[in-house]
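Below is the file coords_7.csv, which contains CSV, C-alpha atoms.
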```
chain,number,residue,atom,x,y,z
A,1280,MET,CA,71.8,-34.9,241.7
A,1281,THR,CA,74.5,-36.4,239.5
A,1282,PRO,CA,77.2,-33.7,238.8
A,1283,ARG,CA,76.9,-32.4,235.2
A,1284,LEU,CA,80.4,-31.7,233.7
A,1285,PRO,CA,81.2,-29.7,230.6
A,1286,PRO,CA,80.9,-32.0,227.5
A,1287,LEU,CA,84.4,-31.1,226.4
A,1288,MET,CA,85.8,-33.0,229.4
A,1289,TYR,CA,84.7,-36.3,227.9
A,1290,PRO,CA,86.5,-38.4,225.2
A,1291,PRO,CA,85.3,-38.4,221.6
A,1292,MET,CA,82.1,-40.3,220.6
A,1293,ASN,CA,82.0,-44.0,221.2
A,1294,PHE,CA,80.3,-46.7,219.2
A,1295,LEU,CA,78.3,-49.5,220.8
A,1296,SER,CA,77.2,-52.4,218.6
A,1297,LEU,CA,73.7,-53.8,218.9
A,1298,SER,CA,74.9,-57.1,220.3
A,1299,ARG,CA,77.3,-55.4,222.8
A,1300,SER,CA,74.5,-53.1,223.9
A,1301,HIS,CA,72.6,-56.2,225.2
A,1302,ARG,CA,75.7,-57.2,227.1
A,1303,LEU,CA,76.0,-53.7,228.6
A,1304,PHE,CA,72.4,-53.6,229.8
A,1305,GLU,CA,72.8,-57.1,231.3
A,1306,ALA,CA,75.9,-55.9,233.2
A,1307,LEU,CA,74.1,-52.8,234.4
A,1308,GLY,CA,71.2,-55.1,235.6
A,1309,ARG,CA,73.5,-56.5,238.2
A,1310,ASN,CA,73.5,-53.2,240.0
A,1311,TYR,CA,70.4,-51.4,238.8
A,1312,GLU,CA,66.7,-52.1,238.3
A,1313,ILE,CA,66.4,-51.7,234.5
A,1314,TYR,CA,63.4,-50.2,232.7
A,1315,PHE,CA,63.2,-49.6,229.0
A,1316,PRO,CA,60.6,-48.9,226.3
A,1317,TYR,CA,58.6,-51.9,224.9
A,1318,PRO,CA,56.3,-51.5,221.9
A,1319,GLY,CA,52.6,-51.9,222.5
A,1320,TYR,CA,49.2,-51.4,220.8
A,1321,SER,CA,49.1,-47.6,221.4
A,1322,GLY,CA,52.8,-46.9,221.5
A,1323,SER,CA,55.8,-48.0,223.6
A,1324,SER,CA,55.7,-48.1,227.4
A,1325,PHE,CA,58.3,-48.7,230.0
A,1326,THR,CA,58.7,-52.3,231.2
A,1327,ASN,CA,61.1,-54.0,233.6
A,1328,SER,CA,63.9,-56.2,232.4
A,1329,ALA,CA,62.8,-58.8,234.9
A,1330,LEU,CA,59.6,-59.2,232.9
A,1331,THR,CA,60.7,-58.6,229.3
A,1332,PRO,CA,64.0,-59.5,227.7
A,1333,ILE,CA,66.2,-56.5,227.1
A,1334,GLN,CA,66.7,-57.5,223.5
A,1335,LYS,CA,63.1,-56.4,222.9
A,1336,ALA,CA,63.8,-52.8,223.9
A,1337,GLU,CA,62.7,-50.1,221.4
A,1338,LEU,CA,65.4,-47.4,221.8
A,1339,GLY,CA,64.5,-45.5,218.6
A,1340,GLY,CA,61.0,-44.3,217.8
A,1341,VAL,CA,59.4,-41.6,219.9
A,1342,ARG,CA,58.7,-40.9,223.5
A,1343,THR,CA,56.8,-43.5,225.5
A,1344,VAL,CA,53.1,-43.3,226.3
A,1345,ASP,CA,54.0,-43.0,230.1
A,1346,PRO,CA,56.2,-40.1,231.3
A,1347,VAL,CA,59.6,-40.7,232.8
A,1348,LYS,CA,58.5,-38.6,235.8
A,1349,ALA,CA,56.5,-41.5,237.1
A,1350,PHE,CA,59.7,-43.2,238.3
A,1351,PHE,CA,60.8,-40.2,240.3
A,1352,PHE,CA,57.6,-38.5,241.3
A,1353,MET,CA,55.3,-41.5,241.7
A,1354,GLY,CA,51.5,-41.6,241.2
A,1355,ARG,CA,50.9,-43.0,244.7
A,1356,GLU,CA,53.6,-43.1,247.3
A,1357,ARG,CA,53.7,-43.8,251.0
A,1358,VAL,CA,55.7,-40.9,252.5
A,1359,SER,CA,55.4,-41.6,256.2
A,1360,ASP,CA,54.2,-44.1,258.8
A,1361,GLY,CA,53.1,-41.6,261.5
A,1362,PHE,CA,54.3,-38.1,262.0
A,1363,ASP,CA,57.6,-38.9,263.5
A,1364,SER,CA,58.9,-41.5,261.1
A,1365,ALA,CA,61.2,-41.0,258.1
A,1366,PRO,CA,59.9,-41.6,254.6
A,1367,PRO,CA,59.9,-45.4,254.0
A,1368,GLY,CA,62.2,-46.8,251.3
A,1369,THR,CA,60.4,-47.9,248.2
A,1370,ARG,CA,63.2,-49.5,246.1
A,1371,THR,CA,66.0,-51.9,247.0
A,1372,ARG,CA,68.2,-51.1,244.0
A,1373,PRO,CA,68.8,-47.8,242.1
A,1374,LEU,CA,67.0,-47.3,238.8
A,1375,CYS,CA,68.4,-47.4,235.4
A,1376,ILE,CA,66.0,-45.8,232.8
A,1377,ILE,CA,67.0,-46.7,229.2
A,1378,GLY,CA,65.5,-44.9,226.2
A,1379,ALA,CA,64.3,-41.6,227.8
A,1380,LYS,CA,63.6,-39.0,225.1
A,1381,ALA,CA,64.5,-35.3,225.1
A,1382,CYS,CA,61.0,-34.1,226.1
A,1383,ASP,CA,61.1,-36.2,229.3
A,1384,LEU,CA,64.6,-34.9,230.1
A,1385,GLN,CA,63.3,-31.4,229.7
A,1386,GLY,CA,60.7,-32.4,232.2
A,1387,PHE,CA,63.5,-32.9,234.7
A,1388,ARG,CA,64.4,-29.2,234.4
A,1389,ILE,CA,60.9,-28.4,235.8
A,1390,LEU,CA,60.6,-31.1,238.4
A,1391,ASP,CA,64.2,-30.5,239.7
A,1392,GLN,CA,63.3,-26.9,240.4
A,1393,VAL,CA,60.3,-27.9,242.4
A,1394,PHE,CA,61.6,-31.0,244.2
A,1395,MET,CA,65.4,-30.4,244.4
A,1396,ASP,CA,65.1,-27.0,246.2
A,1397,PRO,CA,67.8,-26.9,248.9
A,1398,GLU,CA,65.4,-25.8,251.6
A,1399,TYR,CA,62.1,-27.3,250.6
A,1400,GLY,CA,63.1,-30.2,248.3
A,1401,ASP,CA,61.5,-33.6,248.5
A,1402,PRO,CA,63.9,-36.3,249.9
A,1403,THR,CA,62.5,-39.2,248.0
A,1404,TYR,CA,62.7,-37.4,244.6
A,1405,ARG,CA,66.2,-36.2,245.5
A,1406,ARG,CA,67.4,-39.7,246.4
A,1407,LEU,CA,66.0,-41.2,243.2
A,1408,ARG,CA,67.6,-38.5,241.0
A,1409,GLU,CA,70.9,-38.8,242.7
A,1410,THR,CA,71.1,-42.6,242.6
A,1411,SER,CA,69.5,-43.4,239.2
A,1412,LEU,CA,71.2,-43.8,235.9
A,1413,VAL,CA,69.5,-42.2,232.9
A,1414,ILE,CA,70.3,-43.5,229.5
A,1415,SER,CA,68.5,-41.5,226.9
A,1416,SER,CA,68.1,-42.0,223.1
A,1417,ASP,CA,67.3,-39.9,220.0
A,1418,CYS,CA,63.9,-39.8,218.5
A,1419,THR,CA,64.0,-41.5,215.1
A,1420,THR,CA,60.6,-40.4,214.0
A,1421,ALA,CA,57.8,-38.0,215.1
A,1422,LEU,CA,54.1,-38.2,215.9
A,1423,GLU,CA,51.5,-35.7,214.6
A,1424,THR,CA,51.2,-34.5,218.2
A,1425,CYS,CA,54.9,-33.6,218.6
A,1426,PHE,CA,55.8,-29.9,218.6
A,1427,CYS,CA,59.0,-29.6,220.7
A,1428,THR,CA,60.7,-27.4,218.2
A,1429,ALA,CA,58.1,-24.7,218.6
A,1430,LEU,CA,59.3,-24.4,222.2
A,1431,GLY,CA,63.0,-24.1,221.3
A,1432,LEU,CA,63.7,-27.8,222.0
A,1433,GLN,CA,65.1,-30.6,219.8
A,1434,PRO,CA,63.9,-34.2,219.2
A,1435,HIS,CA,67.2,-35.4,220.5
A,1436,PRO,CA,68.7,-35.0,224.0
A,1437,GLN,CA,70.8,-32.0,224.8
A,1438,GLY,CA,71.7,-32.6,228.4
A,1439,LEU,CA,70.4,-34.0,231.7
A,1440,PHE,CA,71.4,-37.6,230.7
A,1441,ASP,CA,74.2,-39.8,232.0
A,1442,LEU,CA,74.6,-41.6,228.6
A,1443,ASN,CA,72.8,-40.9,225.3
A,1444,LEU,CA,72.4,-43.5,222.6
A,1445,SER,CA,71.9,-42.3,219.0
A,1446,PRO,CA,70.8,-45.2,216.8
A,1447,VAL,CA,73.0,-45.6,213.7
A,1448,ASP,CA,73.7,-48.5,211.3
A,1449,GLY,CA,74.7,-51.5,213.4
A,1450,GLY,CA,74.3,-50.0,216.8
A,1451,TYR,CA,74.6,-46.7,218.7
A,1452,LEU,CA,76.8,-43.6,219.0
A,1453,VAL,CA,77.3,-43.2,222.7
A,1454,GLU,CA,77.8,-39.8,224.4
A,1455,ALA,CA,78.5,-39.3,228.1
A,1456,GLY,CA,76.7,-36.5,229.7
A,1457,SER,CA,77.8,-36.9,233.4
A,1458,ALA,CA,80.6,-38.3,235.5
A,1459,LYS,CA,78.3,-41.2,236.3
A,1460,GLY,CA,77.9,-41.9,232.6
A,1461,GLN,CA,81.6,-41.6,231.9
A,1462,ALA,CA,82.2,-44.1,234.7
A,1463,VAL,CA,80.0,-46.6,232.9
A,1464,LEU,CA,82.2,-46.2,229.7
A,1465,ASP,CA,85.3,-46.6,231.8
A,1466,ALA,CA,84.0,-49.7,233.5
A,1467,HIS,CA,83.3,-51.5,230.3
A,1468,PRO,CA,86.1,-50.7,227.8
A,1469,ASP,CA,85.7,-54.0,226.0
A,1470,LEU,CA,82.2,-53.1,224.9
A,1471,PHE,CA,82.9,-49.7,223.2
A,1472,GLU,CA,85.1,-48.7,220.3
A,1473,GLU,CA,85.9,-45.5,218.6
A,1474,ALA,CA,83.1,-44.3,216.4
A,1475,PRO,CA,83.8,-45.3,212.7
A,1476,SER,CA,84.3,-42.5,210.3
A,1477,GLY,CA,81.0,-41.1,208.9
A,1478,LEU,CA,78.7,-42.3,211.7
A,1479,THR,CA,78.6,-38.9,213.3
A,1480,ALA,CA,77.5,-37.3,210.0
A,1481,ALA,CA,74.9,-40.0,209.6
A,1482,ARG,CA,73.6,-39.3,213.1
A,1483,ASP,CA,73.4,-35.6,212.4
A,1484,ALA,CA,71.5,-36.2,209.1
A,1485,ALA,CA,69.0,-38.5,210.9
A,1486,ARG,CA,68.5,-35.8,213.6
A,1487,SER,CA,67.9,-33.2,211.0
A,1488,GLU,CA,65.3,-35.4,209.3
A,1489,VAL,CA,63.3,-35.9,212.5
A,1490,LYS,CA,63.5,-32.3,213.3
A,1491,ALA,CA,62.1,-31.5,209.9
A,1492,MET,CA,59.2,-33.9,210.7
A,1493,VAL,CA,58.4,-32.0,213.9
A,1494,GLU,CA,58.7,-28.6,212.2
A,1495,SER,CA,56.3,-29.8,209.5
A,1496,ASN,CA,53.8,-30.6,212.2
A,1497,VAL,CA,54.3,-27.2,213.7
A,1498,ALA,CA,53.8,-25.4,210.4
A,1499,ALA,CA,50.8,-27.5,209.4
A,1500,THR,CA,49.0,-26.7,212.6
A,1501,GLY,CA,50.1,-23.1,212.9
A,1502,THR,CA,51.5,-23.7,216.3
A,1503,PRO,CA,53.1,-20.5,217.6
A,1504,ASN,CA,56.7,-20.2,218.8
A,1505,GLY,CA,57.0,-20.4,222.5
A,1506,LYS,CA,58.7,-17.0,222.6
A,1507,ASP,CA,55.5,-15.5,221.2
A,1508,LEU,CA,53.3,-16.8,224.0
A,1509,ALA,CA,54.6,-14.5,226.8
A,1510,GLY,CA,51.6,-12.6,228.2
A,1511,ARG,CA,49.1,-14.3,226.0
A,1512,VAL,CA,47.2,-16.2,228.7
A,1513,VAL,CA,46.8,-12.9,230.6
A,1514,HIS,CA,45.7,-11.2,227.4
A,1515,HIS,CA,43.0,-13.8,226.9
A,1516,TYR,CA,42.2,-14.2,230.5
A,1517,ASP,CA,38.5,-13.5,230.1
A,1518,SER,CA,38.3,-14.8,226.5
A,1519,PRO,CA,35.5,-17.2,225.5
A,1520,LEU,CA,38.1,-19.6,224.2
A,1521,TRP,CA,38.4,-21.3,227.6
A,1522,ALA,CA,34.7,-22.2,227.7
A,1523,GLU,CA,34.8,-23.3,224.0
A,1524,GLU,CA,37.8,-25.6,224.7
A,1525,ALA,CA,36.4,-26.9,228.0
A,1526,SER,CA,33.0,-27.8,226.4
A,1527,THR,CA,34.3,-31.3,225.6
A,1528,CYS,CA,36.4,-31.9,228.7
A,1529,VAL,CA,35.2,-34.8,230.8
A,1530,GLU,CA,37.3,-33.8,233.8
A,1531,CYS,CA,39.3,-37.0,233.8
A,1532,GLY,CA,42.7,-35.4,234.6
A,1533,ALA,CA,44.6,-37.4,232.0
A,1534,CYS,CA,46.3,-34.3,230.6
A,1535,ASN,CA,47.9,-33.7,234.0
A,1536,THR,CA,48.9,-37.2,234.9
A,1537,ILE,CA,50.4,-38.0,231.5
A,1538,CYS,CA,52.3,-34.7,231.4
A,1539,PRO,CA,56.1,-34.9,232.1
A,1540,THR,CA,56.1,-31.6,234.0
A,1541,CYS,CA,52.8,-31.5,236.0
A,1542,HIS,CA,53.7,-31.9,239.6
A,1543,CYS,CA,50.7,-31.1,241.8
A,1544,PHE,CA,49.9,-33.6,244.5
A,1545,LEU,CA,47.7,-34.1,247.6
A,1546,LEU,CA,48.4,-35.8,250.9
A,1547,TYR,CA,46.0,-38.1,252.7
A,1548,ASP,CA,46.2,-40.3,255.8
A,1549,GLN,CA,45.1,-44.0,255.9
A,1550,LYS,CA,44.5,-45.9,259.0
A,1551,ASN,CA,46.5,-49.2,259.6
A,1552,ASP,CA,47.2,-51.6,262.4
A,1553,ARG,CA,50.0,-49.4,263.8
A,1554,GLY,CA,48.2,-46.1,263.6
A,1555,PHE,CA,48.2,-44.5,260.1
A,1556,SER,CA,50.3,-44.0,257.0
A,1557,ARG,CA,50.5,-40.8,255.0
A,1558,PHE,CA,50.3,-41.1,251.2
A,1559,ARG,CA,51.1,-38.7,248.4
A,1560,VAL,CA,49.1,-39.0,245.1
A,1561,TRP,CA,49.1,-37.0,241.9
A,1562,ASP,CA,46.4,-34.3,241.8
A,1563,SER,CA,45.0,-32.6,238.7
A,1564,CYS,CA,44.0,-28.9,238.3
A,1565,LEU,CA,41.2,-30.0,236.0
A,1566,LEU,CA,39.4,-31.8,238.8
A,1567,ASN,CA,36.5,-30.0,240.4
A,1568,ASP,CA,37.8,-30.1,244.0
A,1569,PHE,CA,41.4,-29.2,243.1
A,1570,ALA,CA,41.1,-25.6,244.5
A,1571,ARG,CA,38.3,-26.2,247.0
A,1572,VAL,CA,39.0,-25.0,250.5
A,1573,ALA,CA,37.5,-25.5,253.9
A,1574,GLY,CA,33.9,-24.5,254.0
A,1575,GLY,CA,33.4,-25.5,250.4
A,1576,ALA,CA,34.5,-22.3,248.7
A,1577,ASN,CA,36.1,-22.9,245.3
A,1578,PRO,CA,37.9,-20.0,243.5
A,1579,ARG,CA,37.8,-22.1,240.2
A,1580,GLU,CA,34.4,-23.6,240.4
A,1581,ARG,CA,33.9,-23.7,236.6
A,1582,LEU,CA,35.6,-26.1,234.4
A,1583,TRP,CA,36.8,-23.5,232.0
A,1584,MET,CA,38.5,-21.7,234.9
A,1585,ARG,CA,40.5,-24.9,235.7
A,1586,LEU,CA,41.5,-25.3,232.0
A,1587,ARG,CA,42.7,-21.8,232.0
A,1588,ASN,CA,44.7,-22.4,235.2
A,1589,ARG,CA,46.5,-25.3,233.5
A,1590,PHE,CA,47.7,-23.0,230.6
A,1591,GLU,CA,48.4,-20.1,233.0
A,1592,LYS,CA,50.7,-22.3,235.1
A,1593,LYS,CA,52.7,-23.6,232.1
A,1594,PHE,CA,52.9,-20.5,230.0
A,1595,GLU,CA,52.8,-17.6,232.5
A,1596,PHE,CA,53.5,-18.6,236.0
A,1597,PHE,CA,56.4,-21.0,235.5
A,1598,PRO,CA,58.2,-18.7,232.9
A,1599,ALA,CA,57.9,-15.9,235.5
A,1600,THR,CA,59.1,-17.9,238.5
A,1601,GLY,CA,61.2,-20.6,237.0
A,1602,GLY,CA,62.5,-19.0,233.9
A,1603,MET,CA,61.1,-21.6,231.4
A,1604,ILE,CA,57.9,-22.8,229.9
A,1605,ALA,CA,56.5,-25.8,231.7
A,1606,CYS,CA,55.7,-27.6,228.6
A,1607,THR,CA,58.0,-29.9,226.5
A,1608,GLY,CA,56.0,-30.3,223.3
A,1609,CYS,CA,55.6,-34.0,223.8
A,1610,GLY,CA,51.9,-33.9,222.8
A,1611,ARG,CA,50.9,-36.6,225.4
A,1612,CYS,CA,48.0,-34.5,226.7
A,1613,THR,CA,46.5,-34.3,223.2
A,1614,SER,CA,46.9,-38.0,222.7
A,1615,ALA,CA,45.3,-38.8,226.1
A,1616,CYS,CA,42.4,-36.4,226.0
A,1617,PRO,CA,39.0,-38.2,225.3
A,1618,GLY,CA,37.5,-34.7,224.7
A,1619,LYS,CA,40.0,-34.1,221.8
A,1620,ILE,CA,41.4,-30.9,223.3
A,1621,ASP,CA,44.5,-30.2,221.3
A,1622,ILE,CA,47.1,-28.1,223.1
A,1623,LYS,CA,48.5,-26.8,219.7
A,1624,ARG,CA,45.0,-25.5,218.8
A,1625,VAL,CA,44.7,-23.7,222.1
A,1626,LEU,CA,48.2,-22.1,221.7
A,1627,ARG,CA,47.2,-21.0,218.2
A,1628,LYS,CA,44.2,-19.3,219.6
A,1629,LEU,CA,46.2,-17.7,222.4
A,1630,ALA,CA,48.7,-16.3,219.9
A,1631,GLY,CA,45.9,-14.6,218.0
A,1632,ASP,CA,44.1,-11.3,218.9
```

Could you write out this structure as structure tokens?
Amino acid sequence: MTPRLPPLMYPPMNFLSLSRSHRLFEALGRNYEIYFPYPGYSGSSFTNSALTPIQKAELGGVRTVDPVKAFFFMGRERVSDGFDSAPPGTRTRPLCIIGAKACDLQGFRILDQVFMDPEYGDPTYRRLRETSLVISSDCTTALETCFCTALGLQPHPQGLFDLNLSPVDGGYLVEAGSAKGQAVLDAHPDLFEEAPSGLTAARDAARSEVKAMVESNVAATGTPNGKDLAGRVVHHYDSPLWAEEASTCVECGACNTICPTCHCFLLYDQKNDRGFSRFRVWDSCLLNDFARVAGGANPRERLWMRLRNRFEKKFEFFPATGGMIACTGCGRCTSACPGKIDIKRVLRKLAGD
């Protein structure tokens, strides 16, 4: 993974004008495969610069509909052609993700623990994380589903980026978060200038305004603080709330696949002319056969048990084993759920007696 150096080792904040940002992205496109948020009917989604002009990028706003994890832990990936072969390469050029938001960067903290383990890590994920350039950006508004501040996070990046772009009048304040990001600044000195007086204060004011929006959501819905959720799933382990919430679940698995931290997968073999290929695909703990074992036994045969497992993993298991809640407050699961299961509502019930 890209070495993360102390922020004080980097020069003061830089300013990048809007017109020069397009020149920067075009220059990066000579070495990277560029993806950026593009507005659509139901929100912005990532698109490739080969398909959409970079000038149409939406670098403010809120998180994309699709999670950034999909670039590093893919929904379907061929991992081997036979038992003895190395994982096949899937990209000819390294990735440059532009416009990642803080909730997706927090997702890296979870996925890195799972897939960057020195002994049991995943080589494909590791290679993508080490070679990719991540350019994040501040949220400039909030959705009703956002609740990152309840989990001790902020709606602006606080690390795990190479460069961060904060939208300000006329362009962006640019902050380097890694040696790789600083190298980009050093390689294009003609595109950046020292930040004009007052822009840092304007950025901080904008950040405070967006934070207030999220905190208003949290207060309006009674969403509990993440620190108050320790032990609450265990406390409500046999509570009827799980059956109540699962009553509208259609077992589609959208909450898992759209989540920036969910990382369960299954492997399957597919025959081809040379023998077989092995694929890895996303799995979902809400699906009926997720926990099924040989012989047909299923320790979580009821849907409410599987819903409980989702919350237990995020708010009990991962805090105990990984030291952090495996939820970033992005609200994607609520937005994607056809059964209208609202994670904030469930957390509020968990916090009660």

Do you know which residues are at most 6 Å from region 1502-1516 of chain A counting all atoms listed in the file, after dropping those on the same chain fewer than 3 positions away, and could you put them as a ChimeraX atom specification? /A:1429-1430,1497,1591,1623,1627,1629

Note to self: Excluding region 1467-1484 of chain A and its own-chain neighbours fewer than 6 positions away, which residues fall within 6 Å of it when counting all atoms listed in the file? Please give them as a VMD selection string.
What the structure shows: chain A and resid 1292 to 1295 1299

Correct to one decimal, the distance CA of Cys1543 (chain A)-CA of Arg1405 (chain A) is 16.7 Å

Using only C-alpha atoms, which protein or nucleic acid residues come within 10 Å of region 1489-1492 of chain A? Drop anything in the same chain fewer than 6 positions from it, and give the result as a ChimeraX atom specification.
/A:1417-1423,1425-1428,1432-1435

Using all atoms listed in the file, the residue out of A:Thr1331, A:Asn1535, A:Asn1551, A:Ser1300 with shortest distance to Lys1348 (chain A) is A:Asn1535

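If you look at CA of Thr1403 (chain A) and CA of Arg1357 (chain A), they are 10.4 Å away from each other.
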
What does the distance from CA of Phe1590 (chain A) to CA of Ala1630 (chain A) come to in Å, to one decimal?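 Interatomic distance here is 12.7 Å.
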
Self-check item: Selected residue, from A:Gly1602, A:Pro1332, A:Gly1456, A:Pro1539, that lies nearest to Met1353 (chain A) when counting all atoms listed in the file
Solution: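 Of A:Gly1602, A:Pro1332, A:Gly1456, A:Pro1539, the one nearest Met1353 (chain A), counting all atoms listed in the file, is A:Pro1539.
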
Handout entry: Pick from A:Ile1389, A:Leu1330, A:Ala1336, A:Ala1573 nearest to Met1603 (chain A), counting all atoms listed in the file
Key =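 Ranked by minimum distance to Met1603 (chain A), first place goes to A:Ile1389.
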
Using only C-alpha atoms, which residues sit within 10 Å of region 1463-1465 of chain A once same-chain residues fewer than 6 positions away are excluded, as a ChimeraX atom specification?
/A:1290,1293,1303,1307,1412,1441-1442,1453-1455,1457,1471

Pull C-alpha atoms from the residues just selected and write them as a PDB file, in the frame of the given file.
```pdb
ATOM      1  CA  PRO A1290      86.500 -38.400 225.200  1.00  0.00           C
ATOM      2  CA  ASN A1293      82.000 -44.000 221.200  1.00  0.00           C
ATOM      3  CA  LEU A1303      76.000 -53.700 228.600  1.00  0.00           C
ATOM      4  CA  LEU A1307      74.100 -52.800 234.400  1.00  0.00           C
ATOM      5  CA  LEU A1412      71.200 -43.800 235.900  1.00  0.00           C
ATOM      6  CA  ASP A1441      74.200 -39.800 232.000  1.00  0.00           C
ATOM      7  CA  LEU A1442      74.600 -41.600 228.600  1.00  0.00           C
ATOM      8  CA  VAL A1453      77.300 -43.200 222.700  1.00  0.00           C
ATOM      9  CA  GLU A1454      77.800 -39.800 224.400  1.00  0.00           C
ATOM     10  CA  ALA A1455      78.500 -39.300 228.100  1.00  0.00           C
ATOM     11  CA  SER A1457      77.800 -36.900 233.400  1.00  0.00           C
ATOM     12  CA  PHE A1471      82.900 -49.700 223.200  1.00  0.00           C
TER      13      PHE A1471
END
```

- Query: Of the candidates A:Gly1322, A:Gly1340, A:Pro1316, A:Gly1575, which one gets nearest to Ser1614 (chain A) if we count all atoms listed in the file?
  - Reply: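 When distances to Ser1614 (chain A) are compared using all atoms listed in the file, the smallest one comes from A:Gly1322.
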
### Task
Considering only C-alpha atoms, return as a ChimeraX atom specification whatever protein or nucleic-acid residues lie within 9 Å of Asn1577 (chain A), sequence-local ones (same chain, fewer than 5 positions apart) excluded.
/A:1567-1572

For region 1401-1414 of chain A of the structure just presented, write N, CA and C atoms to a file, as a JSON list (two decimals), in the first residue's frame.
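That gives us part_23.json:
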```json
[["chain", "number", "residue", "atom", "x", "y", "z"],
["A", 1401, "ASP", "N", -4.87, -10.78, 0.13],
["A", 1401, "ASP", "CA", -5.25, -11.09, -1.24],
["A", 1401, "ASP", "C", -4.32, -10.36, -2.21],
["A", 1402, "PRO", "N", -3.64, -11.07, -3.10],
["A", 1402, "PRO", "CA", -2.64, -10.42, -3.97],
["A", 1402, "PRO", "C", -3.25, -9.43, -4.96],
["A", 1403, "THR", "N", -4.45, -9.70, -5.46],
["A", 1403, "THR", "CA", -5.07, -8.78, -6.41],
["A", 1403, "THR", "C", -5.44, -7.47, -5.73],
["A", 1404, "TYR", "N", -6.07, -7.57, -4.58],
["A", 1404, "TYR", "CA", -6.44, -6.37, -3.82],
["A", 1404, "TYR", "C", -5.19, -5.58, -3.46],
["A", 1405, "ARG", "N", -4.18, -6.26, -2.98],
["A", 1405, "ARG", "CA", -2.94, -5.59, -2.59],
["A", 1405, "ARG", "C", -2.33, -4.84, -3.78],
["A", 1406, "ARG", "N", -2.27, -5.49, -4.94],
["A", 1406, "ARG", "CA", -1.68, -4.86, -6.11],
["A", 1406, "ARG", "C", -2.46, -3.61, -6.52],
["A", 1407, "LEU", "N", -3.77, -3.69, -6.48],
["A", 1407, "LEU", "CA", -4.59, -2.55, -6.87],
["A", 1407, "LEU", "C", -4.43, -1.40, -5.87],
["A", 1408, "ARG", "N", -4.37, -1.71, -4.60],
["A", 1408, "ARG", "CA", -4.20, -0.66, -3.59],
["A", 1408, "ARG", "C", -2.84, 0.01, -3.71],
["A", 1409, "GLU", "N", -1.83, -0.77, -4.02],
["A", 1409, "GLU", "CA", -0.47, -0.23, -4.09],
["A", 1409, "GLU", "C", -0.23, 0.59, -5.35],
["A", 1410, "THR", "N", -0.89, 0.24, -6.44],
["A", 1410, "THR", "CA", -0.62, 0.91, -7.71],
["A", 1410, "THR", "C", -1.60, 2.04, -8.03],
["A", 1411, "SER", "N", -2.74, 2.08, -7.37],
["A", 1411, "SER", "CA", -3.78, 3.06, -7.69],
["A", 1411, "SER", "C", -3.50, 4.41, -7.06],
["A", 1412, "LEU", "N", -4.03, 5.44, -7.67],
["A", 1412, "LEU", "CA", -3.99, 6.80, -7.15],
["A", 1412, "LEU", "C", -5.40, 7.17, -6.74],
["A", 1413, "VAL", "N", -5.57, 7.55, -5.48],
["A", 1413, "VAL", "CA", -6.90, 7.90, -4.95],
["A", 1413, "VAL", "C", -6.94, 9.40, -4.68],
["A", 1414, "ILE", "N", -7.77, 10.09, -5.45],
["A", 1414, "ILE", "CA", -7.98, 11.53, -5.28],
["A", 1414, "ILE", "C", -9.38, 11.73, -4.71]]
```
